[in-house]
Amino acid sequence: MDELRLGDLVQMRKTHPCGSDRWRIIRVGADIKIKCAGCSRIVMLDRQEFLKRMKKLLERAEEGIPNP
């Protein structure tokens with residue numbers, strides 16, 4: 001797994017109740033904060049749980065430009 005960056009778009013294994021499975025990373029550290037691309041709900045997961053639930057990286061954020 002490459003390093004996670006702010007603004008990356010990821011696909012999670014399970015869909016959110018709104019129907020979307022795409023999430024934007026808005027905080028990176030020991031915990032990862034993600035924002036649903038469908039309904040803008042924000043969820044915080046510890047890094048290990050996030051990596052277990054993440055399916056794939058869909059879009060890499062531009063380097064040096066935060067895009068939350």
# chains A, B, ... in the order shown; residues from 1 in each chain; ligands from 1

$ residues_around --residues "Lys52 of chain A" --least-positions-apart "2" --cutoff "12 Å" --atoms "only C-alpha atoms" --output "list in words"
Met1, Gln11, Met12, Arg13, Lys14, Leu45, Asp46, Arg47, Gln48, Glu49, Phe50, Met54, Lys55 and Lys56 of chain A

$ write_last_selection --atoms "N, CA and C atoms" --output "compact mmCIF listing (two decimals), in the first residue's frame"
# COMPACT_ATOMS: atom_id res chain seq x y z
N MET A 1 0.84 -1.19 0.00
CA MET A 1 0.00 0.00 0.00
C MET A 1 0.88 1.24 0.00
N GLN A 11 -12.13 3.59 -2.33
CA GLN A 11 -13.34 2.78 -2.35
C GLN A 11 -13.27 1.85 -1.15
N MET A 12 -14.35 1.81 -0.36
CA MET A 12 -14.41 0.94 0.81
C MET A 12 -15.13 -0.35 0.44
N ARG A 13 -14.92 -1.39 1.23
CA ARG A 13 -15.51 -2.71 0.94
C ARG A 13 -17.04 -2.70 1.03
N LYS A 14 -17.57 -2.03 2.04
CA LYS A 14 -19.02 -1.97 2.22
C LYS A 14 -19.54 -0.61 1.79
N LEU A 45 -11.54 6.45 11.62
CA LEU A 45 -11.16 5.07 11.90
C LEU A 45 -9.68 5.05 12.25
N ASP A 46 -9.28 4.09 13.11
CA ASP A 46 -7.84 3.95 13.33
C ASP A 46 -7.25 3.37 12.05
N ARG A 47 -5.96 3.60 11.84
CA ARG A 47 -5.30 3.25 10.59
C ARG A 47 -5.46 1.76 10.25
N GLN A 48 -5.30 0.89 11.23
CA GLN A 48 -5.40 -0.55 10.98
C GLN A 48 -6.81 -0.92 10.50
N GLU A 49 -7.84 -0.37 11.14
CA GLU A 49 -9.22 -0.65 10.74
C GLU A 49 -9.50 -0.09 9.34
N PHE A 50 -9.00 1.10 9.07
CA PHE A 50 -9.18 1.73 7.75
C PHE A 50 -8.57 0.86 6.65
N MET A 54 -10.62 -0.75 3.54
CA MET A 54 -10.42 -0.13 2.24
C MET A 54 -10.26 -1.19 1.15
N LYS A 55 -10.94 -0.98 0.03
CA LYS A 55 -10.85 -1.91 -1.09
C LYS A 55 -9.75 -1.48 -2.05
N LYS A 56 -9.79 -0.22 -2.52
CA LYS A 56 -8.75 0.25 -3.43
C LYS A 56 -8.71 1.77 -3.48

$ select_by_dssp --residues "chain A" --states "alpha helix (DSSP H)" --output "list in words"
Arg47, Gln48, Glu49, Phe50, Leu51, Lys52 and Arg53 of chain A

$ residues_around --residues "Glu62 of chain A" --least-positions-apart "6" --cutoff "10 Å" --atoms "only C-alpha atoms" --output "ChimeraX atom specification"
/A:5-8

$ write_last_selection --atoms "all heavy atoms" --output "PDB file, in the first residue's frame"
ATOM      1  N   ARG A   5      -2.573  10.078   1.285  1.00  0.00           N
ATOM      2  CA  ARG A   5      -2.441  11.531   1.242  1.00  0.00           C
ATOM      3  C   ARG A   5      -3.800  12.194   1.439  1.00  0.00           C
ATOM      4  O   ARG A   5      -4.838  11.604   1.111  1.00  0.00           O
ATOM      5  CB  ARG A   5      -1.908  11.980  -0.114  1.00  0.00           C
ATOM      6  CG  ARG A   5      -0.464  11.672  -0.329  1.00  0.00           C
ATOM      7  CD  ARG A   5       0.015  12.437  -1.530  1.00  0.00           C
ATOM      8  NE  ARG A   5       0.493  11.470  -2.516  1.00  0.00           N
ATOM      9  CZ  ARG A   5       0.689  11.747  -3.786  1.00  0.00           C
ATOM     10  NH1 ARG A   5       0.433  12.936  -4.265  1.00  0.00           N
ATOM     11  NH2 ARG A   5       1.139  10.822  -4.598  1.00  0.00           N
ATOM     12  N   LEU A   6      -3.769  13.422   1.927  1.00  0.00           N
ATOM     13  CA  LEU A   6      -4.995  14.203   2.022  1.00  0.00           C
ATOM     14  C   LEU A   6      -5.603  14.359   0.638  1.00  0.00           C
ATOM     15  O   LEU A   6      -4.893  14.632  -0.323  1.00  0.00           O
ATOM     16  CB  LEU A   6      -4.708  15.596   2.593  1.00  0.00           C
ATOM     17  CG  LEU A   6      -4.372  15.684   4.059  1.00  0.00           C
ATOM     18  CD1 LEU A   6      -4.077  17.134   4.421  1.00  0.00           C
ATOM     19  CD2 LEU A   6      -5.481  15.147   4.910  1.00  0.00           C
ATOM     20  N   GLY A   7      -6.899  14.184   0.550  1.00  0.00           N
ATOM     21  CA  GLY A   7      -7.592  14.363  -0.719  1.00  0.00           C
ATOM     22  C   GLY A   7      -7.704  13.125  -1.576  1.00  0.00           C
ATOM     23  O   GLY A   7      -8.400  13.155  -2.592  1.00  0.00           O
ATOM     24  N   ASP A   8      -7.037  12.021  -1.203  1.00  0.00           N
ATOM     25  CA  ASP A   8      -7.164  10.783  -1.972  1.00  0.00           C
ATOM     26  C   ASP A   8      -8.607  10.286  -1.933  1.00  0.00           C
ATOM     27  O   ASP A   8      -9.297  10.416  -0.919  1.00  0.00           O
ATOM     28  CB  ASP A   8      -6.266   9.680  -1.408  1.00  0.00           C
ATOM     29  CG  ASP A   8      -4.799   9.877  -1.736  1.00  0.00           C
ATOM     30  OD1 ASP A   8      -4.468  10.794  -2.504  1.00  0.00           O
ATOM     31  OD2 ASP A   8      -3.985   9.101  -1.206  1.00  0.00           O
TER      32      ASP A   8
END

$ residues_around --residues "Leu4 of chain A" --least-positions-apart "4" --cutoff "9 Å" --atoms "only C-alpha atoms" --output "mmCIF file with N, CA, C and O atoms, in the first residue's frame"
data_model
loop_
_atom_site.group_PDB
_atom_site.id
_atom_site.type_symbol
_atom_site.label_atom_id
_atom_site.label_comp_id
_atom_site.auth_asym_id
_atom_site.auth_seq_id
_atom_site.Cartn_x
_atom_site.Cartn_y
_atom_site.Cartn_z
ATOM 1 N N ASP A 8 -7.037 12.021 -1.203
ATOM 2 C CA ASP A 8 -7.164 10.783 -1.972
ATOM 3 C C ASP A 8 -8.607 10.286 -1.933
ATOM 4 O O ASP A 8 -9.297 10.416 -0.919
ATOM 5 N N ILE A 25 -10.242 11.186 1.754
ATOM 6 C CA ILE A 25 -9.436 11.246 2.982
ATOM 7 C C ILE A 25 -9.236 12.714 3.355
ATOM 8 O O ILE A 25 -8.748 13.505 2.545
ATOM 9 N N VAL A 28 -4.925 12.436 7.968
ATOM 10 C CA VAL A 28 -4.043 11.277 7.963
ATOM 11 C C VAL A 28 -3.146 11.366 9.187
ATOM 12 O O VAL A 28 -2.575 12.407 9.472
ATOM 13 N N ARG A 60 -5.646 9.538 -6.878
ATOM 14 C CA ARG A 60 -4.579 10.117 -6.077
ATOM 15 C C ARG A 60 -4.728 11.636 -6.086
ATOM 16 O O ARG A 60 -4.958 12.227 -7.143
#

$ closest_residue --among "A:Leu9, A:Met44, A:Cys39, A:Ile26" --to "Leu58 of chain A" --atoms "only C-alpha atoms"
A:Leu9

$ select_by_dssp --residues "chain A" --states "strand (DSSP E or B)" --output "PyMOL selection string"
chain A and resi 9-12+22-27+31-36+42-46+54-59

$ write_last_selection --atoms "N, CA and C atoms" --output "PDB file, in the first residue's frame"
ATOM      1  N   LEU A   9      -9.076   9.731  -3.031  1.00  0.00           N
ATOM      2  CA  LEU A   9     -10.400   9.133  -3.108  1.00  0.00           C
ATOM      3  C   LEU A   9     -10.237   7.622  -3.040  1.00  0.00           C
ATOM      4  N   VAL A  10     -10.904   6.976  -2.072  1.00  0.00           N
ATOM      5  CA  VAL A  10     -10.776   5.532  -1.902  1.00  0.00           C
ATOM      6  C   VAL A  10     -12.149   4.864  -1.982  1.00  0.00           C
ATOM      7  N   GLN A  11     -12.129   3.594  -2.325  1.00  0.00           N
ATOM      8  CA  GLN A  11     -13.339   2.783  -2.349  1.00  0.00           C
ATOM      9  C   GLN A  11     -13.275   1.847  -1.149  1.00  0.00           C
ATOM     10  N   MET A  12     -14.345   1.805  -0.359  1.00  0.00           N
ATOM     11  CA  MET A  12     -14.407   0.941   0.809  1.00  0.00           C
ATOM     12  C   MET A  12     -15.132  -0.353   0.441  1.00  0.00           C
ATOM     13  N   ARG A  22     -17.559   5.436  -2.026  1.00  0.00           N
ATOM     14  CA  ARG A  22     -16.394   6.287  -2.276  1.00  0.00           C
ATOM     15  C   ARG A  22     -16.234   7.303  -1.157  1.00  0.00           C
ATOM     16  N   TRP A  23     -15.006   7.422  -0.683  1.00  0.00           N
ATOM     17  CA  TRP A  23     -14.707   8.307   0.438  1.00  0.00           C
ATOM     18  C   TRP A  23     -13.458   9.119   0.136  1.00  0.00           C
ATOM     19  N   ARG A  24     -13.439  10.382   0.581  1.00  0.00           N
ATOM     20  CA  ARG A  24     -12.293  11.279   0.428  1.00  0.00           C
ATOM     21  C   ARG A  24     -11.559  11.344   1.766  1.00  0.00           C
ATOM     22  N   ILE A  25     -10.242  11.186   1.754  1.00  0.00           N
ATOM     23  CA  ILE A  25      -9.436  11.246   2.982  1.00  0.00           C
ATOM     24  C   ILE A  25      -9.236  12.714   3.355  1.00  0.00           C
ATOM     25  N   ILE A  26      -9.621  13.068   4.596  1.00  0.00           N
ATOM     26  CA  ILE A  26      -9.488  14.458   5.030  1.00  0.00           C
ATOM     27  C   ILE A  26      -8.541  14.613   6.224  1.00  0.00           C
ATOM     28  N   ARG A  27      -8.058  13.521   6.811  1.00  0.00           N
ATOM     29  CA  ARG A  27      -7.062  13.588   7.873  1.00  0.00           C
ATOM     30  C   ARG A  27      -6.250  12.303   7.848  1.00  0.00           C
ATOM     31  N   ASP A  31      -4.920   7.981  13.198  1.00  0.00           N
ATOM     32  CA  ASP A  31      -6.307   7.776  12.801  1.00  0.00           C
ATOM     33  C   ASP A  31      -6.488   8.372  11.412  1.00  0.00           C
ATOM     34  N   ILE A  32      -7.437   7.823  10.658  1.00  0.00           N
ATOM     35  CA  ILE A  32      -7.745   8.327   9.319  1.00  0.00           C
ATOM     36  C   ILE A  32      -9.178   8.845   9.363  1.00  0.00           C
ATOM     37  N   LYS A  33      -9.365  10.087   8.935  1.00  0.00           N
ATOM     38  CA  LYS A  33     -10.708  10.663   8.871  1.00  0.00           C
ATOM     39  C   LYS A  33     -11.108  10.710   7.408  1.00  0.00           C
ATOM     40  N   ILE A  34     -12.299  10.184   7.108  1.00  0.00           N
ATOM     41  CA  ILE A  34     -12.781  10.133   5.730  1.00  0.00           C
ATOM     42  C   ILE A  34     -14.161  10.779   5.635  1.00  0.00           C
ATOM     43  N   LYS A  35     -14.458  11.310   4.446  1.00  0.00           N
ATOM     44  CA  LYS A  35     -15.729  11.987   4.199  1.00  0.00           C
ATOM     45  C   LYS A  35     -16.429  11.294   3.038  1.00  0.00           C
ATOM     46  N   CYS A  36     -17.672  10.909   3.232  1.00  0.00           N
ATOM     47  CA  CYS A  36     -18.439  10.206   2.203  1.00  0.00           C
ATOM     48  C   CYS A  36     -18.643  11.117   0.992  1.00  0.00           C
ATOM     49  N   ILE A  42     -18.882  12.327   7.895  1.00  0.00           N
ATOM     50  CA  ILE A  42     -17.480  12.176   8.266  1.00  0.00           C
ATOM     51  C   ILE A  42     -17.335  11.056   9.283  1.00  0.00           C
ATOM     52  N   VAL A  43     -16.359  10.167   9.055  1.00  0.00           N
ATOM     53  CA  VAL A  43     -16.098   9.024   9.918  1.00  0.00           C
ATOM     54  C   VAL A  43     -14.608   8.978  10.215  1.00  0.00           C
ATOM     55  N   MET A  44     -14.251   8.633  11.459  1.00  0.00           N
ATOM     56  CA  MET A  44     -12.850   8.494  11.820  1.00  0.00           C
ATOM     57  C   MET A  44     -12.588   7.045  12.211  1.00  0.00           C
ATOM     58  N   LEU A  45     -11.545   6.453  11.617  1.00  0.00           N
ATOM     59  CA  LEU A  45     -11.159   5.075  11.896  1.00  0.00           C
ATOM     60  C   LEU A  45      -9.678   5.045  12.246  1.00  0.00           C
ATOM     61  N   ASP A  46      -9.281   4.088  13.107  1.00  0.00           N
ATOM     62  CA  ASP A  46      -7.842   3.947  13.328  1.00  0.00           C
ATOM     63  C   ASP A  46      -7.245   3.368  12.053  1.00  0.00           C
ATOM     64  N   MET A  54     -10.617  -0.752   3.540  1.00  0.00           N
ATOM     65  CA  MET A  54     -10.416  -0.128   2.237  1.00  0.00           C
ATOM     66  C   MET A  54     -10.264  -1.190   1.149  1.00  0.00           C
ATOM     67  N   LYS A  55     -10.941  -0.978   0.034  1.00  0.00           N
ATOM     68  CA  LYS A  55     -10.852  -1.906  -1.092  1.00  0.00           C
ATOM     69  C   LYS A  55      -9.752  -1.481  -2.055  1.00  0.00           C
ATOM     70  N   LYS A  56      -9.788  -0.222  -2.520  1.00  0.00           N
ATOM     71  CA  LYS A  56      -8.745   0.250  -3.433  1.00  0.00           C
ATOM     72  C   LYS A  56      -8.713   1.767  -3.479  1.00  0.00           C
ATOM     73  N   LEU A  57      -7.582   2.266  -3.955  1.00  0.00           N
ATOM     74  CA  LEU A  57      -7.381   3.693  -4.158  1.00  0.00           C
ATOM     75  C   LEU A  57      -7.893   4.035  -5.548  1.00  0.00           C
ATOM     76  N   LEU A  58      -8.862   4.941  -5.633  1.00  0.00           N
ATOM     77  CA  LEU A  58      -9.461   5.286  -6.919  1.00  0.00           C
ATOM     78  C   LEU A  58      -8.780   6.478  -7.582  1.00  0.00           C
ATOM     79  N   GLU A  59      -8.411   7.466  -6.776  1.00  0.00           N
ATOM     80  CA  GLU A  59      -7.859   8.693  -7.332  1.00  0.00           C
ATOM     81  C   GLU A  59      -6.828   9.266  -6.376  1.00  0.00           C
TER      82      GLU A  59
END

$ decode --residues "segment 6-37 of chain A" --atoms "N, CA, C and O atoms" --output "compact mmCIF listing (two decimals), in the first residue's frame"
# COMPACT_ATOMS: atom_id res chain seq x y z
N LEU A 6 -3.77 13.42 1.93
CA LEU A 6 -5.00 14.20 2.02
C LEU A 6 -5.60 14.36 0.64
O LEU A 6 -4.89 14.63 -0.32
N GLY A 7 -6.90 14.18 0.55
CA GLY A 7 -7.59 14.36 -0.72
C GLY A 7 -7.70 13.13 -1.58
O GLY A 7 -8.40 13.16 -2.59
N ASP A 8 -7.04 12.02 -1.20
CA ASP A 8 -7.16 10.78 -1.97
C ASP A 8 -8.61 10.29 -1.93
O ASP A 8 -9.30 10.42 -0.92
N LEU A 9 -9.08 9.73 -3.03
CA LEU A 9 -10.40 9.13 -3.11
C LEU A 9 -10.24 7.62 -3.04
O LEU A 9 -9.49 7.05 -3.84
N VAL A 10 -10.90 6.98 -2.07
CA VAL A 10 -10.78 5.53 -1.90
C VAL A 10 -12.15 4.86 -1.98
O VAL A 10 -13.17 5.49 -1.75
N GLN A 11 -12.13 3.59 -2.33
CA GLN A 11 -13.34 2.78 -2.35
C GLN A 11 -13.27 1.85 -1.15
O GLN A 11 -12.26 1.18 -0.93
N MET A 12 -14.35 1.81 -0.36
CA MET A 12 -14.41 0.94 0.81
C MET A 12 -15.13 -0.35 0.44
O MET A 12 -15.84 -0.43 -0.56
N ARG A 13 -14.92 -1.39 1.23
CA ARG A 13 -15.51 -2.71 0.94
C ARG A 13 -17.04 -2.70 1.03
O ARG A 13 -17.72 -3.30 0.22
N LYS A 14 -17.57 -2.03 2.04
CA LYS A 14 -19.02 -1.97 2.22
C LYS A 14 -19.54 -0.61 1.79
O LYS A 14 -18.86 0.39 1.94
N THR A 15 -20.77 -0.59 1.27
CA THR A 15 -21.37 0.69 0.89
C THR A 15 -21.94 1.37 2.13
O THR A 15 -22.37 0.72 3.08
N HIS A 16 -21.95 2.69 2.09
CA HIS A 16 -22.54 3.50 3.15
C HIS A 16 -24.05 3.43 2.98
O HIS A 16 -24.54 3.16 1.88
N PRO A 17 -24.84 3.67 4.04
CA PRO A 17 -26.30 3.63 3.88
C PRO A 17 -26.85 4.58 2.81
O PRO A 17 -27.93 4.34 2.27
N CYS A 18 -26.10 5.62 2.46
CA CYS A 18 -26.56 6.54 1.40
C CYS A 18 -26.40 5.90 0.01
O CYS A 18 -26.90 6.43 -0.97
N GLY A 19 -25.65 4.78 -0.08
CA GLY A 19 -25.48 4.09 -1.34
C GLY A 19 -24.10 4.26 -1.97
O GLY A 19 -23.79 3.61 -2.96
N SER A 20 -23.28 5.15 -1.42
CA SER A 20 -21.95 5.40 -1.98
C SER A 20 -20.91 4.53 -1.28
O SER A 20 -21.01 4.26 -0.10
N ASP A 21 -19.87 4.13 -2.03
CA ASP A 21 -18.76 3.40 -1.42
C ASP A 21 -17.46 4.17 -1.61
O ASP A 21 -16.38 3.66 -1.40
N ARG A 22 -17.56 5.44 -2.03
CA ARG A 22 -16.39 6.29 -2.28
C ARG A 22 -16.23 7.30 -1.16
O ARG A 22 -17.21 7.95 -0.76
N TRP A 23 -15.01 7.42 -0.68
CA TRP A 23 -14.71 8.31 0.44
C TRP A 23 -13.46 9.12 0.14
O TRP A 23 -12.52 8.62 -0.46
N ARG A 24 -13.44 10.38 0.58
CA ARG A 24 -12.29 11.28 0.43
C ARG A 24 -11.56 11.34 1.77
O ARG A 24 -12.18 11.51 2.81
N ILE A 25 -10.24 11.19 1.75
CA ILE A 25 -9.44 11.25 2.98
C ILE A 25 -9.24 12.71 3.36
O ILE A 25 -8.75 13.50 2.55
N ILE A 26 -9.62 13.07 4.60
CA ILE A 26 -9.49 14.46 5.03
C ILE A 26 -8.54 14.61 6.22
O ILE A 26 -8.25 15.73 6.63
N ARG A 27 -8.06 13.52 6.81
CA ARG A 27 -7.06 13.59 7.87
C ARG A 27 -6.25 12.30 7.85
O ARG A 27 -6.81 11.22 7.71
N VAL A 28 -4.93 12.44 7.97
CA VAL A 28 -4.04 11.28 7.96
C VAL A 28 -3.15 11.37 9.19
O VAL A 28 -2.58 12.41 9.47
N GLY A 29 -3.04 10.27 9.90
CA GLY A 29 -2.18 10.18 11.08
C GLY A 29 -2.35 8.79 11.66
O GLY A 29 -2.52 7.81 10.92
N ALA A 30 -2.33 8.68 13.00
CA ALA A 30 -2.61 7.39 13.63
C ALA A 30 -4.05 6.98 13.33
O ALA A 30 -4.36 5.80 13.20
N ASP A 31 -4.92 7.98 13.20
CA ASP A 31 -6.31 7.78 12.80
C ASP A 31 -6.49 8.37 11.41
O ASP A 31 -5.81 9.32 11.03
N ILE A 32 -7.44 7.82 10.66
CA ILE A 32 -7.74 8.33 9.32
C ILE A 32 -9.18 8.84 9.36
O ILE A 32 -10.09 8.14 9.77
N LYS A 33 -9.37 10.09 8.94
CA LYS A 33 -10.71 10.66 8.87
C LYS A 33 -11.11 10.71 7.41
O LYS A 33 -10.35 11.18 6.56
N ILE A 34 -12.30 10.18 7.11
CA ILE A 34 -12.78 10.13 5.73
C ILE A 34 -14.16 10.78 5.64
O ILE A 34 -14.92 10.79 6.60
N LYS A 35 -14.46 11.31 4.45
CA LYS A 35 -15.73 11.99 4.20
C LYS A 35 -16.43 11.29 3.04
O LYS A 35 -15.83 11.12 1.97
N CYS A 36 -17.67 10.91 3.23
CA CYS A 36 -18.44 10.21 2.20
C CYS A 36 -18.64 11.12 0.99
O CYS A 36 -19.03 12.28 1.14
N ALA A 37 -18.37 10.60 -0.19
CA ALA A 37 -18.54 11.36 -1.43
C ALA A 37 -20.02 11.52 -1.78
O ALA A 37 -20.37 12.40 -2.56
